[in-house]
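Engineer: So that you have it, the file is input-v4.cif, and it contains mmCIF, C-alpha atoms:
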data_input
loop_
_atom_site.group_PDB
_atom_site.id
_atom_site.type_symbol
_atom_site.label_atom_id
_atom_site.label_comp_id
_atom_site.auth_asym_id
_atom_site.auth_seq_id
_atom_site.Cartn_x
_atom_site.Cartn_y
_atom_site.Cartn_z
ATOM 1 C CA MET A 1 18.644 -2.847 -24.568
ATOM 2 C CA SER A 2 14.911 -3.404 -24.133
ATOM 3 C CA LYS A 3 12.772 -0.600 -22.802
ATOM 4 C CA LEU A 4 11.506 -0.931 -19.242
ATOM 5 C CA ARG A 5 8.273 0.786 -18.203
ATOM 6 C CA ILE A 6 7.974 1.434 -14.469
ATOM 7 C CA ALA A 7 4.892 2.623 -12.558
ATOM 8 C CA LEU A 8 5.499 4.709 -9.451
ATOM 9 C CA SER A 9 2.835 5.396 -6.839
ATOM 10 C CA LYS A 10 1.814 8.977 -6.182
ATOM 11 C CA GLY A 11 1.699 10.145 -2.592
ATOM 12 C CA SER A 12 3.847 9.137 0.362
ATOM 13 C CA LEU A 13 5.701 6.369 -1.500
ATOM 14 C CA LEU A 14 6.896 8.554 -4.358
ATOM 15 C CA GLU A 15 9.885 10.238 -2.676
ATOM 16 C CA PRO A 16 11.305 7.090 -1.034
ATOM 17 C CA THR A 17 10.865 5.237 -4.339
ATOM 18 C CA ILE A 18 12.800 7.931 -6.206
ATOM 19 C CA ALA A 19 15.476 7.838 -3.482
ATOM 20 C CA SER A 20 15.762 4.058 -3.851
ATOM 21 C CA LEU A 21 16.106 4.314 -7.638
ATOM 22 C CA THR A 22 18.711 7.055 -7.217
ATOM 23 C CA LYS A 23 20.745 4.928 -4.795
ATOM 24 C CA ALA A 24 20.537 2.029 -7.241
ATOM 25 C CA GLY A 25 22.061 4.176 -10.006
ATOM 26 C CA PHE A 26 19.024 4.781 -12.206
ATOM 27 C CA ASP A 27 18.411 8.060 -14.013
ATOM 28 C CA VAL A 28 15.738 9.918 -12.038
ATOM 29 C CA ALA A 29 16.406 13.394 -13.418
ATOM 30 C CA PRO A 30 13.018 13.545 -15.207
ATOM 31 C CA LEU A 31 11.293 12.744 -11.906
ATOM 32 C CA ARG A 32 13.045 15.653 -10.200
ATOM 33 C CA ARG A 33 11.878 18.291 -12.648
ATOM 34 C CA GLU A 34 8.894 20.431 -11.711
ATOM 35 C CA SER A 35 6.275 19.151 -14.113
ATOM 36 C CA ARG A 36 2.736 17.848 -14.260
ATOM 37 C CA GLN A 37 3.741 15.185 -16.774
ATOM 38 C CA LEU A 38 2.759 11.690 -15.730
ATOM 39 C CA ARG A 39 4.857 9.869 -18.354
ATOM 40 C CA LEU A 40 8.576 10.571 -18.230
ATOM 41 C CA VAL A 41 11.404 9.132 -20.333
ATOM 42 C CA ALA A 42 14.807 8.646 -18.716
ATOM 43 C CA GLU A 43 18.205 7.394 -19.866
ATOM 44 C CA GLY A 44 18.943 3.703 -20.126
ATOM 45 C CA GLY A 45 15.690 2.788 -21.824
ATOM 46 C CA ILE A 46 13.627 3.611 -18.735
ATOM 47 C CA GLU A 47 10.144 5.100 -18.903
ATOM 48 C CA TYR A 48 8.382 6.166 -15.712
ATOM 49 C CA LEU A 49 4.630 6.462 -15.248
ATOM 50 C CA ILE A 50 3.285 8.266 -12.171
ATOM 51 C CA ALA A 51 -0.040 6.713 -11.197
ATOM 52 C CA ARG A 52 -2.508 6.722 -8.338
ATOM 53 C CA ALA A 53 -1.266 4.124 -5.870
ATOM 54 C CA ALA A 54 -4.450 2.032 -6.067
ATOM 55 C CA ASP A 55 -4.108 1.857 -9.867
ATOM 56 C CA VAL A 56 -0.484 0.690 -10.046
ATOM 57 C CA PRO A 57 -1.223 -3.073 -9.746
ATOM 58 C CA THR A 58 -3.818 -2.796 -12.530
ATOM 59 C CA TYR A 59 -1.288 -1.160 -14.869
ATOM 60 C CA VAL A 60 1.145 -3.969 -14.051
ATOM 61 C CA GLU A 61 -1.393 -6.797 -14.252
ATOM 62 C CA ARG A 62 -2.658 -5.697 -17.662
ATOM 63 C CA GLY A 63 0.804 -5.147 -19.128
ATOM 64 C CA ALA A 64 0.655 -1.369 -19.535
ATOM 65 C CA VAL A 65 3.901 -1.298 -17.525
ATOM 66 C CA ASP A 66 6.501 -3.954 -16.792
ATOM 67 C CA ILE A 67 6.997 -3.344 -13.086
ATOM 68 C CA GLY A 68 5.513 -1.213 -10.337
ATOM 69 C CA PHE A 69 6.225 0.116 -6.867
ATOM 70 C CA VAL A 70 3.149 -0.212 -4.644
ATOM 71 C CA GLY A 71 2.152 -0.525 -1.007
ATOM 72 C CA SER A 72 1.428 -4.053 0.173
ATOM 73 C CA ASP A 73 -1.860 -2.777 1.658
ATOM 74 C CA ILE A 74 -3.226 -2.474 -1.885
ATOM 75 C CA LEU A 75 -2.012 -5.961 -2.778
ATOM 76 C CA MET A 76 -3.607 -7.346 0.386
ATOM 77 C CA GLU A 77 -6.979 -5.683 -0.206
ATOM 78 C CA ASN A 78 -7.387 -6.844 -3.816
ATOM 79 C CA LYS A 79 -5.873 -9.943 -5.372
ATOM 80 C CA TYR A 80 -3.896 -9.263 -8.559
ATOM 81 C CA GLU A 81 -2.255 -11.607 -11.067
ATOM 82 C CA VAL A 82 1.243 -10.164 -10.740
ATOM 83 C CA VAL A 83 4.697 -11.394 -9.764
ATOM 84 C CA GLU A 84 5.635 -10.130 -6.307
ATOM 85 C CA LEU A 85 9.378 -9.650 -6.614
ATOM 86 C CA LYS A 86 10.528 -8.013 -3.410
ATOM 87 C CA ASP A 87 9.579 -6.363 -0.144
ATOM 88 C CA LEU A 88 11.528 -3.106 -0.408
ATOM 89 C CA ALA A 89 11.349 -2.385 3.337
ATOM 90 C CA PHE A 90 10.461 1.299 3.037
ATOM 91 C CA GLY A 91 7.163 3.136 3.373
ATOM 92 C CA CYS A 92 6.581 0.976 6.436
ATOM 93 C CA CYS A 93 3.418 1.193 8.543
ATOM 94 C CA LYS A 94 0.873 -1.152 10.142
ATOM 95 C CA PHE A 95 -2.723 -2.201 9.733
ATOM 96 C CA ILE A 96 -4.343 -1.682 13.123
ATOM 97 C CA LEU A 97 -7.678 -2.008 14.866
ATOM 98 C CA ALA A 98 -8.309 1.136 16.894
ATOM 99 C CA GLY A 99 -11.028 2.616 19.053
ATOM 100 C CA GLN A 100 -11.666 5.239 21.671
ATOM 101 C CA LYS A 101 -9.570 4.916 24.799
ATOM 102 C CA LYS A 102 -10.796 2.167 27.122
ATOM 103 C CA SER A 103 -12.444 0.566 24.082
ATOM 104 C CA THR A 104 -12.948 -3.187 24.325
ATOM 105 C CA GLY A 105 -10.461 -5.472 22.642
ATOM 106 C CA PRO A 106 -11.324 -7.588 19.594
ATOM 107 C CA ALA A 107 -11.891 -10.777 21.606
ATOM 108 C CA SER A 108 -13.920 -9.371 24.497
ATOM 109 C CA ASP A 109 -17.639 -10.062 24.636
ATOM 110 C CA PRO A 110 -17.555 -12.269 21.524
ATOM 111 C CA ASP A 111 -21.349 -12.451 21.331
ATOM 112 C CA SER A 112 -21.701 -8.731 20.647
ATOM 113 C CA ILE A 113 -21.559 -7.408 17.080
ATOM 114 C CA LEU A 114 -19.130 -4.559 16.559
ATOM 115 C CA THR A 115 -19.432 -1.908 13.892
ATOM 116 C CA ILE A 116 -16.091 -1.281 12.196
ATOM 117 C CA ALA A 117 -15.318 1.507 9.724
ATOM 118 C CA THR A 118 -12.535 0.999 7.199
ATOM 119 C CA LYS A 119 -11.254 1.785 3.720
ATOM 120 C CA TYR A 120 -10.224 -1.867 3.435
ATOM 121 C CA PRO A 121 -13.315 -4.091 3.733
ATOM 122 C CA ASN A 122 -11.616 -7.240 2.422
ATOM 123 C CA ILE A 123 -8.721 -7.007 4.862
ATOM 124 C CA ALA A 124 -11.179 -6.242 7.654
ATOM 125 C CA ALA A 125 -13.331 -9.263 6.782
ATOM 126 C CA GLU A 126 -10.294 -11.583 6.669
ATOM 127 C CA TYR A 127 -9.041 -10.295 10.016
ATOM 128 C CA LEU A 128 -12.420 -10.652 11.707
ATOM 129 C CA ALA A 129 -12.826 -14.177 10.351
ATOM 130 C CA ARG A 130 -9.365 -15.051 11.631
ATOM 131 C CA ILE A 131 -10.151 -13.956 15.186
ATOM 132 C CA GLY A 132 -13.705 -15.325 15.018
ATOM 133 C CA ARG A 133 -15.422 -12.012 15.682
ATOM 134 C CA GLN A 134 -18.720 -10.855 14.197
ATOM 135 C CA ALA A 135 -18.871 -7.262 12.999
ATOM 136 C CA GLU A 136 -20.669 -5.014 10.581
ATOM 137 C CA ILE A 137 -18.165 -3.420 8.207
ATOM 138 C CA ILE A 138 -18.798 0.119 6.973
ATOM 139 C CA LYS A 139 -16.657 1.316 4.074
ATOM 140 C CA LEU A 140 -15.583 4.949 4.276
ATOM 141 C CA TYR A 141 -13.289 7.002 2.045
ATOM 142 C CA GLY A 142 -12.271 9.891 4.295
ATOM 143 C CA SER A 143 -10.710 10.235 7.743
ATOM 144 C CA LEU A 144 -11.675 7.112 9.634
ATOM 145 C CA GLU A 145 -10.869 8.645 13.032
ATOM 146 C CA LEU A 146 -14.131 10.568 12.830
ATOM 147 C CA ALA A 147 -16.308 7.429 12.760
ATOM 148 C CA PRO A 148 -15.980 6.454 16.464
ATOM 149 C CA LEU A 149 -16.188 10.083 17.549
ATOM 150 C CA ALA A 150 -19.467 10.581 15.665
ATOM 151 C CA GLY A 151 -20.910 7.271 16.853
ATOM 152 C CA LEU A 152 -20.936 5.776 13.370
ATOM 153 C CA ALA A 153 -18.639 2.893 14.313
ATOM 154 C CA ASP A 154 -17.263 1.254 17.445
ATOM 155 C CA GLN A 155 -13.786 0.831 16.015
ATOM 156 C CA ILE A 156 -11.765 1.354 12.845
ATOM 157 C CA ILE A 157 -9.312 -0.695 10.805
ATOM 158 C CA ASP A 158 -6.759 1.529 9.119
ATOM 159 C CA LEU A 159 -3.092 2.120 8.358
ATOM 160 C CA MET A 160 -0.937 3.723 11.055
ATOM 161 C CA SER A 161 2.561 5.096 10.768
ATOM 162 C CA THR A 162 3.242 7.286 13.813
ATOM 163 C CA GLY A 163 -0.056 7.047 15.702
ATOM 164 C CA ARG A 164 -0.201 10.804 16.112
ATOM 165 C CA THR A 165 -3.566 11.260 14.390
ATOM 166 C CA LEU A 166 -5.104 8.521 16.526
ATOM 167 C CA ALA A 167 -3.827 10.101 19.730
ATOM 168 C CA GLU A 168 -4.968 13.597 18.777
ATOM 169 C CA ASN A 169 -8.486 12.237 18.274
ATOM 170 C CA GLY A 170 -8.621 10.277 21.515
ATOM 171 C CA LEU A 171 -8.151 6.876 19.872
ATOM 172 C CA GLU A 172 -5.718 4.093 20.663
ATOM 173 C CA VAL A 173 -4.554 0.840 19.099
ATOM 174 C CA VAL A 174 -6.616 -2.169 20.166
ATOM 175 C CA ASP A 175 -4.829 -4.743 18.012
ATOM 176 C CA GLU A 176 -2.078 -4.880 15.367
ATOM 177 C CA ILE A 177 -3.172 -6.738 12.234
ATOM 178 C CA ALA A 178 -0.313 -6.730 9.703
ATOM 179 C CA ASP A 179 2.858 -4.944 8.643
ATOM 180 C CA VAL A 180 2.772 -2.928 5.429
ATOM 181 C CA SER A 181 5.605 -1.715 3.186
ATOM 182 C CA CYS A 182 6.405 -0.876 -0.422
ATOM 183 C CA HIS A 183 6.656 -3.910 -2.712
ATOM 184 C CA LEU A 184 8.094 -4.328 -6.195
ATOM 185 C CA ILE A 185 5.774 -6.211 -8.564
ATOM 186 C CA ALA A 186 6.038 -7.302 -12.201
ATOM 187 C CA ASN A 187 3.789 -8.291 -15.067
ATOM 188 C CA TYR A 188 3.940 -12.043 -15.724
ATOM 189 C CA VAL A 189 4.685 -11.738 -19.452
ATOM 190 C CA SER A 190 7.215 -8.948 -18.945
ATOM 191 C CA TYR A 191 9.005 -11.035 -16.338
ATOM 192 C CA LYS A 192 9.400 -13.872 -18.818
ATOM 193 C CA LEU A 193 10.571 -11.645 -21.664
ATOM 194 C CA LYS A 194 12.717 -9.212 -19.659
ATOM 195 C CA SER A 195 13.659 -11.352 -16.664
ATOM 196 C CA SER A 196 17.364 -10.468 -16.628
ATOM 197 C CA ARG A 197 16.733 -6.721 -16.689
ATOM 198 C CA ILE A 198 13.909 -6.876 -14.150
ATOM 199 C CA ASP A 199 15.956 -9.097 -11.817
ATOM 200 C CA GLU A 200 18.878 -6.674 -12.079
ATOM 201 C CA LEU A 201 16.639 -3.772 -11.033
ATOM 202 C CA ALA A 202 15.083 -5.831 -8.228
ATOM 203 C CA GLN A 203 18.526 -6.667 -6.831
ATOM 204 C CA LYS A 204 19.592 -3.011 -6.785
ATOM 205 C CA VAL A 205 16.528 -1.239 -5.372
ATOM 206 C CA GLY A 206 15.601 -1.345 -1.725
ATOM 207 C CA SER A 207 18.944 -2.830 -0.724
#
Rewrite the structure of this file - the entire thing - as structure tokens.
Structural biologist:
Amino acid sequence: MSKLRIALSKGSLLEPTIASLTKAGFDVAPLRRESRQLRLVAEGGIEYLIARAADVPTYVERGAVDIGFVGSDILMENKYEVVELKDLAFGCCKFILAGQKKSTGPASDPDSILTIATKYPNIAAEYLARIGRQAEIIKLYGSLELAPLAGLADQIIDLMSTGRTLAENGLEVVDEIADVSCHLIANYVSYKLKSSRIDELAQKVGS
């Protein structure tokens, strides 16, 4: 049996990914141990790597791992040469445009130039081009909700799961842009060489 190297995303996707692997019958005992190890060997020729979510597609693309579990937001923001195998339908949230309550919608006053803060400038640019709206995009790395409150930006483009943080900061959804969920991706060469094993895993997880 050939070895299969799997990259898992740190953060909010880690627990549902482990749960999905458990349900599918894979050995996740090493992932359940209290440890700071980032490379873990399991039964059945499985090796897990725990990586920063934004790095998972790079590990897959460059062949350091065979497959990876990653949010589709990361795949949407940067284009990677990987095989997208399956939408796993967990870790679900939405890309939204949000602003302070009574904020203008994306299509109102089309001659004005909005200022939009986001961690996802490429997704923001594609969305704005799609609706034909001019805007200055400011890339931030921290809590985007602060930008409208401080007067740095008119609106924000960000991920939303429950909407609680928006509401607590006096913001509301102006427009929904795209659905986001965890996706299973594979390295092109690995998929050719280990297609049967990768397909078997893809059929079992997220179902």
Engineer: Any chance you could work out the residue set of the PyMOL selection byres ((chain A and resi 45) around 8) here, as a VMD selection string?
Structural biologist: chain A and resid 1 to 4 41 to 44 46 to 47
Engineer: For the provided coordinates, the residues matched by the PyMOL selection byres ((chain A and resi 11-26) around 10) should be stated as a PDB file with C-alpha atoms, in the coordinates of the input.
Structural biologist:
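Listed below is the output, part-v2.pdb:
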ATOM      1  CA  LEU A   8       5.499   4.709  -9.451  1.00  0.00           C
ATOM      2  CA  SER A   9       2.835   5.396  -6.839  1.00  0.00           C
ATOM      3  CA  LYS A  10       1.814   8.977  -6.182  1.00  0.00           C
ATOM      4  CA  ASP A  27      18.411   8.060 -14.013  1.00  0.00           C
ATOM      5  CA  VAL A  28      15.738   9.918 -12.038  1.00  0.00           C
ATOM      6  CA  ALA A  29      16.406  13.394 -13.418  1.00  0.00           C
ATOM      7  CA  LEU A  31      11.293  12.744 -11.906  1.00  0.00           C
ATOM      8  CA  ARG A  32      13.045  15.653 -10.200  1.00  0.00           C
ATOM      9  CA  ALA A  42      14.807   8.646 -18.716  1.00  0.00           C
ATOM     10  CA  GLU A  43      18.205   7.394 -19.866  1.00  0.00           C
ATOM     11  CA  GLY A  44      18.943   3.703 -20.126  1.00  0.00           C
ATOM     12  CA  ILE A  46      13.627   3.611 -18.735  1.00  0.00           C
ATOM     13  CA  ILE A  50       3.285   8.266 -12.171  1.00  0.00           C
ATOM     14  CA  ALA A  51      -0.040   6.713 -11.197  1.00  0.00           C
ATOM     15  CA  ARG A  52      -2.508   6.722  -8.338  1.00  0.00           C
ATOM     16  CA  ALA A  53      -1.266   4.124  -5.870  1.00  0.00           C
ATOM     17  CA  PHE A  69       6.225   0.116  -6.867  1.00  0.00           C
ATOM     18  CA  VAL A  70       3.149  -0.212  -4.644  1.00  0.00           C
ATOM     19  CA  GLY A  71       2.152  -0.525  -1.007  1.00  0.00           C
ATOM     20  CA  LEU A  88      11.528  -3.106  -0.408  1.00  0.00           C
ATOM     21  CA  PHE A  90      10.461   1.299   3.037  1.00  0.00           C
ATOM     22  CA  GLY A  91       7.163   3.136   3.373  1.00  0.00           C
ATOM     23  CA  CYS A  92       6.581   0.976   6.436  1.00  0.00           C
ATOM     24  CA  SER A 181       5.605  -1.715   3.186  1.00  0.00           C
ATOM     25  CA  CYS A 182       6.405  -0.876  -0.422  1.00  0.00           C
ATOM     26  CA  LEU A 201      16.639  -3.772 -11.033  1.00  0.00           C
ATOM     27  CA  ALA A 202      15.083  -5.831  -8.228  1.00  0.00           C
ATOM     28  CA  GLN A 203      18.526  -6.667  -6.831  1.00  0.00           C
ATOM     29  CA  LYS A 204      19.592  -3.011  -6.785  1.00  0.00           C
ATOM     30  CA  VAL A 205      16.528  -1.239  -5.372  1.00  0.00           C
ATOM     31  CA  GLY A 206      15.601  -1.345  -1.725  1.00  0.00           C
ATOM     32  CA  SER A 207      18.944  -2.830  -0.724  1.00  0.00           C
TER      33      SER A 207
END
Engineer: Can you pull out the residues contacting Gly170 in chain A? Cut-off 9 Å, using all atoms listed in the file, and skip same-chain residues under 5 positions away; I want them as a list in words.
Structural biologist: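 Neighbouring residues, sequence-local ones excluded: Gly99, Gln100, Lys101, Glu145, Leu149 and Thr165 of chain A.
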Engineer: Up to 9 Å from (-1.0, -1.8, 1.4) in the file's coordinates: name the residues, counting only C-alpha atoms, as a ChimeraX atom specification.
Structural biologist: /A:70-77,93-95,159,179-183
Engineer: Near Tyr120 in chain A, within 12 Å and counting only C-alpha atoms, which residues show up once chain neighbours fewer than 5 positions away are dropped, as a VMD selection string?
Structural biologist: chain A and resid 54 73 to 78 95 to 97 125 to 127 137 to 142 144 156 to 159
Engineer: Just give me the gap between CA of Ser143 in chain A and CA of Thr118 in chain A in Å, one decimal is fine.
Structural biologist: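 CA of Thr118 in chain A lies 9.4 Å from CA of Ser143 in chain A.
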Engineer: Just give me the gap between CA of Ile131 in chain A and CA of Leu146 in chain A in Å, one decimal is fine.
Structural biologist: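 For CA of Ile131 in chain A relative to CA of Leu146 in chain A, the distance reads 25.0 Å.
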Engineer: Which value, in Å to one decimal, gives the distance between CA of Pro30 in chain A and CA of Val56 in chain A?
Structural biologist: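 Value for the CA of Pro30 in chain A-CA of Val56 in chain A distance: 19.3 Å.
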Engineer: Run the PyMOL selection byres ((chain A and resi 185) around 9) on the file and write out the hits as an mmCIF file with C-alpha atoms, in the coordinates of the input.
Structural biologist:
data_model
loop_
_atom_site.group_PDB
_atom_site.id
_atom_site.type_symbol
_atom_site.label_atom_id
_atom_site.label_comp_id
_atom_site.auth_asym_id
_atom_site.auth_seq_id
_atom_site.Cartn_x
_atom_site.Cartn_y
_atom_site.Cartn_z
ATOM 1 C CA PRO A 57 -1.223 -3.073 -9.746
ATOM 2 C CA VAL A 60 1.145 -3.969 -14.051
ATOM 3 C CA ASP A 66 6.501 -3.954 -16.792
ATOM 4 C CA ILE A 67 6.997 -3.344 -13.086
ATOM 5 C CA GLY A 68 5.513 -1.213 -10.337
ATOM 6 C CA PHE A 69 6.225 0.116 -6.867
ATOM 7 C CA VAL A 70 3.149 -0.212 -4.644
ATOM 8 C CA VAL A 82 1.243 -10.164 -10.740
ATOM 9 C CA VAL A 83 4.697 -11.394 -9.764
ATOM 10 C CA GLU A 84 5.635 -10.130 -6.307
ATOM 11 C CA LEU A 85 9.378 -9.650 -6.614
ATOM 12 C CA LYS A 86 10.528 -8.013 -3.410
ATOM 13 C CA HIS A 183 6.656 -3.910 -2.712
ATOM 14 C CA LEU A 184 8.094 -4.328 -6.195
ATOM 15 C CA ALA A 186 6.038 -7.302 -12.201
ATOM 16 C CA ASN A 187 3.789 -8.291 -15.067
#
Engineer: For Ser190 in chain A, which residue among A:Ile116, A:Ala147, A:Val65, A:Leu38 is the nearest when counting only C-alpha atoms?
Structural biologist: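 Using only C-alpha atoms, the shortest distance to Ser190 in chain A belongs to A:Val65.
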